[in-house]
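Colleague: For reference, the file final-v1.cif (mmCIF, C-alpha atoms) is included below:
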```cif
data_query
loop_
_atom_site.group_PDB
_atom_site.id
_atom_site.type_symbol
_atom_site.label_atom_id
_atom_site.label_comp_id
_atom_site.auth_asym_id
_atom_site.auth_seq_id
_atom_site.Cartn_x
_atom_site.Cartn_y
_atom_site.Cartn_z
ATOM 1 C CA MET P 1 65.674 100.394 92.083
ATOM 2 C CA GLU P 2 63.394 102.486 94.326
ATOM 3 C CA GLN P 3 59.615 101.904 94.095
ATOM 4 C CA LEU P 4 57.593 104.987 95.006
ATOM 5 C CA TRP P 5 54.504 103.001 95.843
ATOM 6 C CA VAL P 6 52.871 99.666 95.153
ATOM 7 C CA GLY P 7 49.111 99.294 94.831
ATOM 8 C CA GLU P 8 46.158 100.476 92.811
ATOM 9 C CA ARG P 9 46.264 104.107 91.780
ATOM 10 C CA THR P 10 44.443 105.878 89.003
ATOM 11 C CA ILE P 11 46.265 108.667 87.189
ATOM 12 C CA PHE P 12 43.983 110.684 84.971
ATOM 13 C CA PRO P 13 45.147 112.193 81.672
ATOM 14 C CA GLY P 14 47.181 115.361 82.074
ATOM 15 C CA THR P 15 50.539 116.471 83.404
ATOM 16 C CA HIS P 16 51.712 115.067 86.714
ATOM 17 C CA ARG P 17 55.020 115.908 88.396
ATOM 18 C CA PHE P 18 56.659 113.756 91.054
ATOM 19 C CA GLN P 19 59.693 115.152 92.863
ATOM 20 C CA ILE P 20 62.416 112.555 93.381
ATOM 21 C CA SER P 21 65.881 113.318 94.767
ATOM 22 C CA SER P 22 68.935 111.165 95.219
ATOM 23 C CA HIS P 23 72.703 111.513 95.366
ATOM 24 C CA LEU P 24 75.635 109.718 93.804
ATOM 25 C CA PRO P 25 78.069 107.767 95.989
ATOM 26 C CA SER P 26 81.158 109.746 96.957
ATOM 27 C CA ARG P 27 83.420 107.206 95.209
ATOM 28 C CA CYS P 28 81.348 107.076 92.042
ATOM 29 C CA PRO P 29 83.710 106.900 89.006
ATOM 30 C CA PRO P 30 83.138 109.432 86.195
ATOM 31 C CA SER P 31 81.627 108.615 82.824
ATOM 32 C CA PHE P 32 84.133 107.057 80.426
ATOM 33 C CA GLU P 33 84.273 105.612 76.903
ATOM 34 C CA GLY P 34 87.316 103.489 76.020
ATOM 35 C CA LYS P 35 88.586 100.845 73.635
ATOM 36 C CA HIS P 36 88.115 97.885 75.972
ATOM 37 C CA GLY P 37 85.300 99.155 78.192
ATOM 38 C CA SER P 38 83.107 102.039 79.292
ATOM 39 C CA ILE P 39 81.364 103.546 82.320
ATOM 40 C CA ARG P 40 77.867 104.857 81.610
ATOM 41 C CA TYR P 41 75.026 106.148 83.764
ATOM 42 C CA MET P 42 71.289 106.132 83.139
ATOM 43 C CA ILE P 43 68.083 107.047 84.962
ATOM 44 C CA GLN P 44 65.268 104.579 84.307
ATOM 45 C CA VAL P 45 61.592 105.320 84.988
ATOM 46 C CA GLU P 46 58.934 102.605 84.745
ATOM 47 C CA ILE P 47 55.148 102.855 84.932
ATOM 48 C CA LEU P 48 53.471 99.482 85.389
ATOM 49 C CA LYS P 49 49.965 99.272 83.979
ATOM 50 C CA ALA P 50 47.087 97.209 85.331
ATOM 51 C CA ASP P 51 45.619 94.098 83.679
ATOM 52 C CA ASN P 52 49.068 92.943 82.513
ATOM 53 C CA LYS P 53 49.283 95.665 79.903
ATOM 54 C CA PRO P 54 52.752 96.560 78.551
ATOM 55 C CA LYS P 55 54.680 98.792 80.933
ATOM 56 C CA VAL P 56 55.878 102.271 79.996
ATOM 57 C CA GLN P 57 59.626 102.779 80.375
ATOM 58 C CA LEU P 58 61.748 105.901 79.907
ATOM 59 C CA ASP P 59 65.566 105.862 79.925
ATOM 60 C CA LYS P 60 67.663 109.024 80.197
ATOM 61 C CA ASP P 61 71.460 109.049 79.982
ATOM 62 C CA PHE P 62 73.508 111.440 82.092
ATOM 63 C CA TYR P 63 77.207 112.118 82.621
ATOM 64 C CA VAL P 64 79.219 112.110 85.825
ATOM 65 C CA LEU P 65 82.151 114.534 86.108
ATOM 66 C CA PRO P 66 84.730 114.342 88.902
ATOM 67 C CA LEU P 67 85.405 117.333 91.123
ATOM 68 C CA GLY P 68 88.895 118.604 91.874
ATOM 69 C CA GLY P 69 90.337 119.091 95.313
ATOM 70 C CA ILE P 70 92.798 116.188 95.517
ATOM 71 C CA PRO P 71 95.560 117.296 97.923
ATOM 72 C CA SER P 72 98.346 115.750 95.819
ATOM 73 C CA GLU P 73 97.446 117.999 92.858
ATOM 74 C CA ILE P 74 99.651 120.809 94.192
ATOM 75 C CA ILE P 75 102.714 118.645 94.909
ATOM 76 C CA PRO P 76 105.648 119.299 92.521
ATOM 77 C CA VAL P 77 106.990 116.363 90.499
ATOM 78 C CA GLU P 78 110.638 115.856 89.523
ATOM 79 C CA THR P 79 112.701 113.100 87.861
ATOM 80 C CA THR P 80 116.441 112.874 87.120
ATOM 81 C CA LYS P 81 118.312 110.544 84.756
ATOM 82 C CA SER P 82 121.978 110.180 83.858
ATOM 83 C CA ILE P 83 124.057 108.341 81.271
ATOM 84 C CA PHE P 84 127.809 107.792 81.347
ATOM 85 C CA TYR P 85 129.558 108.065 78.007
ATOM 86 C CA ARG P 86 133.057 106.823 77.171
ATOM 87 C CA ARG P 87 134.907 107.542 73.915
ATOM 88 C CA PHE P 88 137.713 105.104 73.114
ATOM 89 C CA ILE P 89 140.119 104.973 76.071
ATOM 90 C CA GLU P 90 138.879 108.147 77.760
ATOM 91 C CA GLU P 91 137.335 107.948 81.204
ATOM 92 C CA GLU P 92 133.561 107.955 81.538
ATOM 93 C CA LYS P 93 131.808 111.317 81.504
ATOM 94 C CA GLU P 94 128.292 112.065 82.711
ATOM 95 C CA LEU P 95 125.288 113.567 80.948
ATOM 96 C CA LYS P 96 122.715 114.405 83.623
ATOM 97 C CA ILE P 97 119.181 115.586 82.796
ATOM 98 C CA GLN P 98 116.477 116.641 85.239
ATOM 99 C CA ALA P 99 112.859 117.390 84.293
ATOM 100 C CA SER P 100 110.290 118.874 86.671
ATOM 101 C CA ALA P 101 106.804 120.383 86.854
ATOM 102 C CA SER P 102 105.666 122.872 89.499
ATOM 103 C CA LYS P 103 102.629 120.736 90.427
ATOM 104 C CA THR P 104 100.961 117.431 89.609
ATOM 105 C CA GLY P 105 97.332 118.420 88.862
ATOM 106 C CA TYR P 106 96.067 120.390 85.850
ATOM 107 C CA VAL P 107 92.697 121.095 84.235
ATOM 108 C CA ALA P 108 91.490 121.362 80.650
ATOM 109 C CA GLY P 109 92.946 124.419 78.903
ATOM 110 C CA GLU P 110 95.723 124.872 81.470
ATOM 111 C CA THR P 111 99.407 125.020 80.503
ATOM 112 C CA ILE P 112 101.853 122.409 81.815
ATOM 113 C CA PRO P 113 105.322 124.022 82.009
ATOM 114 C CA ILE P 114 108.180 121.511 82.030
ATOM 115 C CA THR P 115 111.551 122.782 83.245
ATOM 116 C CA ILE P 116 114.558 120.851 81.913
ATOM 117 C CA TRP P 117 117.978 121.168 83.533
ATOM 118 C CA ILE P 118 120.934 119.699 81.592
ATOM 119 C CA GLU P 119 124.409 119.180 83.038
ATOM 120 C CA ASN P 120 126.692 117.796 80.325
ATOM 121 C CA PHE P 121 130.324 116.727 80.781
ATOM 122 C CA THR P 122 130.442 114.687 77.552
ATOM 123 C CA ASP P 123 130.983 115.524 73.892
ATOM 124 C CA LEU P 124 127.361 114.660 73.127
ATOM 125 C CA SER P 125 124.743 117.214 72.169
ATOM 126 C CA ILE P 126 120.942 116.985 72.150
ATOM 127 C CA LYS P 127 119.403 117.235 68.666
ATOM 128 C CA SER P 128 115.763 117.495 69.737
ATOM 129 C CA ILE P 129 113.463 117.428 72.762
ATOM 130 C CA CYS P 130 109.947 116.011 72.528
ATOM 131 C CA LEU P 131 107.123 116.389 75.057
ATOM 132 C CA ARG P 132 104.318 113.845 74.826
ATOM 133 C CA LEU P 133 101.157 113.818 76.935
ATOM 134 C CA VAL P 134 100.333 110.120 77.265
ATOM 135 C CA ARG P 135 97.091 108.611 78.589
ATOM 136 C CA CYS P 136 97.520 105.240 80.317
ATOM 137 C CA THR P 137 94.275 103.271 80.677
ATOM 138 C CA VAL P 138 94.002 100.033 82.641
ATOM 139 C CA TYR P 139 90.925 97.796 82.258
ATOM 140 C CA LEU P 140 90.557 95.513 85.298
ATOM 141 C CA VAL P 141 88.225 92.679 84.285
ATOM 142 C CA PRO P 142 89.268 89.431 86.024
ATOM 143 C CA PRO P 143 90.908 87.206 85.000
ATOM 144 C CA ARG P 144 92.213 89.494 82.237
ATOM 145 C CA GLU P 145 93.831 92.901 82.429
ATOM 146 C CA GLU P 146 94.122 95.189 79.397
ATOM 147 C CA ASN P 147 96.549 98.111 79.209
ATOM 148 C CA GLU P 148 96.316 100.891 76.648
ATOM 149 C CA GLU P 149 98.642 103.833 76.016
ATOM 150 C CA GLU P 150 97.698 106.707 73.728
ATOM 151 C CA THR P 151 99.569 109.903 72.878
ATOM 152 C CA VAL P 152 97.099 112.746 73.375
ATOM 153 C CA LEU P 153 99.408 115.636 72.509
ATOM 154 C CA GLU P 154 102.969 116.002 71.207
ATOM 155 C CA PHE P 155 105.394 118.908 70.891
ATOM 156 C CA ARG P 156 108.932 118.621 69.505
ATOM 157 C CA LYS P 157 111.696 121.209 69.545
ATOM 158 C CA TYR P 158 114.663 120.795 67.207
ATOM 159 C CA THR P 159 117.779 122.468 68.526
ATOM 160 C CA GLU P 160 121.407 121.735 69.342
ATOM 161 C CA ILE P 161 121.650 121.821 73.141
ATOM 162 C CA ARG P 162 124.576 120.919 75.333
ATOM 163 C CA SER P 163 123.834 122.355 78.765
ATOM 164 C CA GLY P 164 121.598 124.831 80.549
ATOM 165 C CA ILE P 165 118.017 125.299 81.733
ATOM 166 C CA HIS P 166 115.133 125.174 79.260
ATOM 167 C CA THR P 167 111.337 125.417 79.658
ATOM 168 C CA LEU P 168 108.859 123.783 77.292
ATOM 169 C CA LYS P 169 105.067 123.910 77.549
ATOM 170 C CA LEU P 170 102.052 121.751 76.773
ATOM 171 C CA VAL P 171 98.436 122.986 76.820
ATOM 172 C CA VAL P 172 95.929 120.437 78.130
ATOM 173 C CA PRO P 173 93.193 119.858 75.489
ATOM 174 C CA LYS P 174 89.722 121.086 76.418
ATOM 175 C CA ASN P 175 88.040 117.754 75.661
ATOM 176 C CA ILE P 176 90.409 115.718 77.817
ATOM 177 C CA ILE P 177 89.278 112.581 79.649
ATOM 178 C CA GLN P 178 89.853 113.144 83.355
ATOM 179 C CA SER P 179 92.167 111.088 85.538
ATOM 180 C CA PHE P 180 90.325 108.659 87.813
ATOM 181 C CA VAL P 181 90.670 105.325 89.559
ATOM 182 C CA SER P 182 87.837 102.814 89.964
ATOM 183 C CA GLU P 183 87.520 99.081 90.564
ATOM 184 C CA ILE P 184 87.157 98.302 86.841
ATOM 185 C CA ILE P 185 88.892 101.138 84.945
ATOM 186 C CA GLN P 186 91.819 103.416 85.787
ATOM 187 C CA VAL P 187 92.912 106.433 83.743
ATOM 188 C CA ASN P 188 96.297 108.011 84.451
ATOM 189 C CA TYR P 189 98.490 110.472 82.584
ATOM 190 C CA MET P 190 102.180 111.212 82.249
ATOM 191 C CA VAL P 191 104.316 113.742 80.414
ATOM 192 C CA LEU P 192 106.999 111.783 78.583
ATOM 193 C CA VAL P 193 110.124 113.884 77.910
ATOM 194 C CA GLU P 194 112.235 112.357 75.128
ATOM 195 C CA PHE P 195 115.771 113.435 74.213
ATOM 196 C CA ASP P 196 117.372 112.576 70.866
ATOM 197 C CA LEU P 197 121.154 112.519 71.369
ATOM 198 C CA ASN P 198 123.726 113.172 68.665
ATOM 199 C CA THR P 199 125.590 109.862 68.755
ATOM 200 C CA GLN P 200 126.095 106.845 66.506
ATOM 201 C CA ARG P 201 125.526 104.342 69.298
ATOM 202 C CA ALA P 202 121.934 103.126 69.187
ATOM 203 C CA GLU P 203 121.842 102.293 72.900
ATOM 204 C CA GLU P 204 122.790 105.893 73.776
ATOM 205 C CA ARG P 205 120.678 107.681 71.181
ATOM 206 C CA LYS P 206 117.551 108.117 73.310
ATOM 207 C CA MET P 207 116.823 109.269 76.845
ATOM 208 C CA GLU P 208 113.347 109.361 78.379
ATOM 209 C CA ILE P 209 111.967 110.902 81.562
ATOM 210 C CA GLU P 210 108.433 110.246 82.835
ATOM 211 C CA LEU P 211 106.516 112.821 84.888
ATOM 212 C CA PRO P 212 103.160 111.592 86.274
ATOM 213 C CA VAL P 213 100.339 114.171 86.155
ATOM 214 C CA MET P 214 96.627 114.244 87.036
ATOM 215 C CA LEU P 215 94.147 115.909 84.676
ATOM 216 C CA GLY P 216 90.610 117.122 85.364
ATOM 217 C CA ALA P 217 87.867 119.103 83.659
ATOM 218 C CA VAL P 218 86.697 121.151 86.649
ATOM 219 C CA GLU P 219 89.016 123.136 88.909
ATOM 220 C CA THR P 220 87.460 123.416 92.354
ATOM 221 C CA ARG P 221 88.347 122.954 95.985
ATOM 222 C CA LEU P 222 84.718 122.864 97.111
ATOM 223 C CA GLN P 223 83.148 119.766 98.615
ATOM 224 C CA PRO P 224 79.995 118.245 97.072
ATOM 225 C CA PRO P 225 76.761 119.568 98.633
ATOM 226 C CA SER P 226 75.306 117.686 101.574
ATOM 227 C CA TYR P 227 72.001 115.953 100.996
ATOM 228 C CA THR P 228 69.485 115.983 103.816
ATOM 229 C CA GLU P 229 66.895 113.999 101.882
ATOM 230 C CA VAL P 230 67.842 111.134 99.606
ATOM 231 C CA VAL P 231 64.452 110.035 98.293
ATOM 232 C CA ASN P 232 61.092 111.700 98.648
ATOM 233 C CA GLU P 233 59.207 109.252 100.854
ATOM 234 C CA GLU P 234 55.832 110.922 100.308
ATOM 235 C CA PRO P 235 53.769 108.912 97.792
ATOM 236 C CA PRO P 236 52.011 110.663 94.902
ATOM 237 C CA PRO P 237 48.542 112.066 95.677
ATOM 238 C CA ARG P 238 45.563 109.737 95.504
ATOM 239 C CA TYR P 239 43.094 110.218 92.681
ATOM 240 C CA ARG P 240 39.476 109.150 92.899
ATOM 241 C CA ASP P 241 37.721 107.404 90.047
#
```
Transcribe the structure of this file into structure tokens.

Modeller:
Amino acid sequence: MEQLWVGERTIFPGTHRFQISSHLPSRCPPSFEGKHGSIRYMIQVEILKADNKPKVQLDKDFYVLPLGGIPSEIIPVETTKSIFYRRFIEEEKELKIQASASKTGYVAGETIPITIWIENFTDLSIKSICLRLVRCTVYLVPPREENEEETVLEFRKYTEIRSGIHTLKLVVPKNIIQSFVSEIIQVNYMVLVEFDLNTQRAEERKMEIELPVMLGAVETRLQPPSYTEVVNEEPPPRYRD
């Protein structure tokens, strides 16, 4: 806590303004409210009275939002999975599915297009495709570690598909919690692509592909402003009795 001055000063009744400036650390995690923990910020102002009288204290909450500009946001992401299916004495045949997104980073209100490429040499068909936006939160409080997964958004398409290229879309909610990593809490996201296969074998009924994404609330490539003065070192004016 910074003390502007220490000593005897008399402040007469009226309005007095003191200019104070500071800046947040560059690695300051954003505000967050979660099931197992939270990150909150507050400005606290104290006025200490003479003669051991009760001090005056004012607390004001404020929120910290992360800026964009992470280089990896523009990198495409792609994952491929295959299963090999055999019916009776026939030789194994491959069902190959690839899911991709044109970039990794998105902001609130933006559309995430997922391109799905299916190459199918089996007799199986796909009954439905489901896109789920999943938030993965890790609470790092030694010696314990808590992990939480929550489906933020879900879209399912029912259709009989065998092969081809298909594009499905998810719109990032406007009130989304941003991705961030700190020493105590980490918030990450993934698009989980689920395929429901038309087969009686339980072990072959589902296929899943995970695509990691980063979500933010502010789209910007600008750097935070430089601060030439952190704290006003000039004390408040003296007042005579």

Colleague: Using all atoms listed in the file, which of the listed residues (P:Val171, P:Val138, P:Met190, P:Val181) sits closest to Val107 (chain P)?

Modeller: P:Val171

Colleague: Any idea what the distance is between CA of Leu170 (chain P) and CA of Lys157 (chain P)?

Modeller: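 Going from CA of Leu170 (chain P) over to CA of Lys157 (chain P) covers 12.1 Å.
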
Colleague: Give the answer as one residue: which of P:Ile83, P:Ile177, P:Ile75, P:Leu58 has the shortest atom-to-atom distance to Gly216 (chain P), using only C-alpha atoms?

Modeller: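 Smallest separation from Gly216 (chain P) among the options: P:Ile177.
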
Colleague: Centre and edge lengths, as AutoDock Vina command-line options, for the axis-aligned box enclosing every listed atom of region 134-142 of chain P with 8 Å of padding on each of the six sides, in Å to one decimal?

Modeller:
```
--center_x 94.3 --center_y 99.8 --center_z 81.6 --size_x 28.1 --size_y 36.7 --size_z 24.8
```

Colleague: Using the chain letters and numbering of this document, enumerate as a VMD selection string the residues selected by the PyMOL selection byres ((chain P and resi 206) around 7).

Modeller: chain P and resid 195 to 197 204 to 205 207 to 208

Colleague: Name the closest residue to Ser182 (chain P) among the candidates P:Pro143, P:Pro13, P:Gly34, P:Pro29; distances are taken between atoms, counting all atoms listed in the file.

Modeller: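 Looking only at the distances to Ser182 (chain P), the closest residue turns out to be P:Pro29.
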
Colleague: Selection in question (the file shown): the PyMOL selection byres ((chain P and resi 119) around 8). Which residues does it include, as a list in words?

Modeller: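 So the PyMOL selection byres ((chain P and resi 119) around 8), applied here, picks out Leu95, Lys96, Ile97, Trp117, Ile118, Asn120, Phe121, Arg162, Ser163 and Gly164 of chain P.
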
Colleague: Running the PyMOL selection byres ((chain P and resi 57) around 6) on this model by hand, what would come out? Give it as a PyMOL selection string.

Modeller: chain P and resi 45-46+56+58

Colleague: Based on the selection just made, write C-alpha atoms of those residues as an mmCIF file, in the frame of the given file.

Modeller:
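That gives us out05.cif:
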```cif
data_model
loop_
_atom_site.group_PDB
_atom_site.id
_atom_site.type_symbol
_atom_site.label_atom_id
_atom_site.label_comp_id
_atom_site.auth_asym_id
_atom_site.auth_seq_id
_atom_site.Cartn_x
_atom_site.Cartn_y
_atom_site.Cartn_z
ATOM 1 C CA VAL P 45 61.592 105.320 84.988
ATOM 2 C CA GLU P 46 58.934 102.605 84.745
ATOM 3 C CA VAL P 56 55.878 102.271 79.996
ATOM 4 C CA LEU P 58 61.748 105.901 79.907
#
```
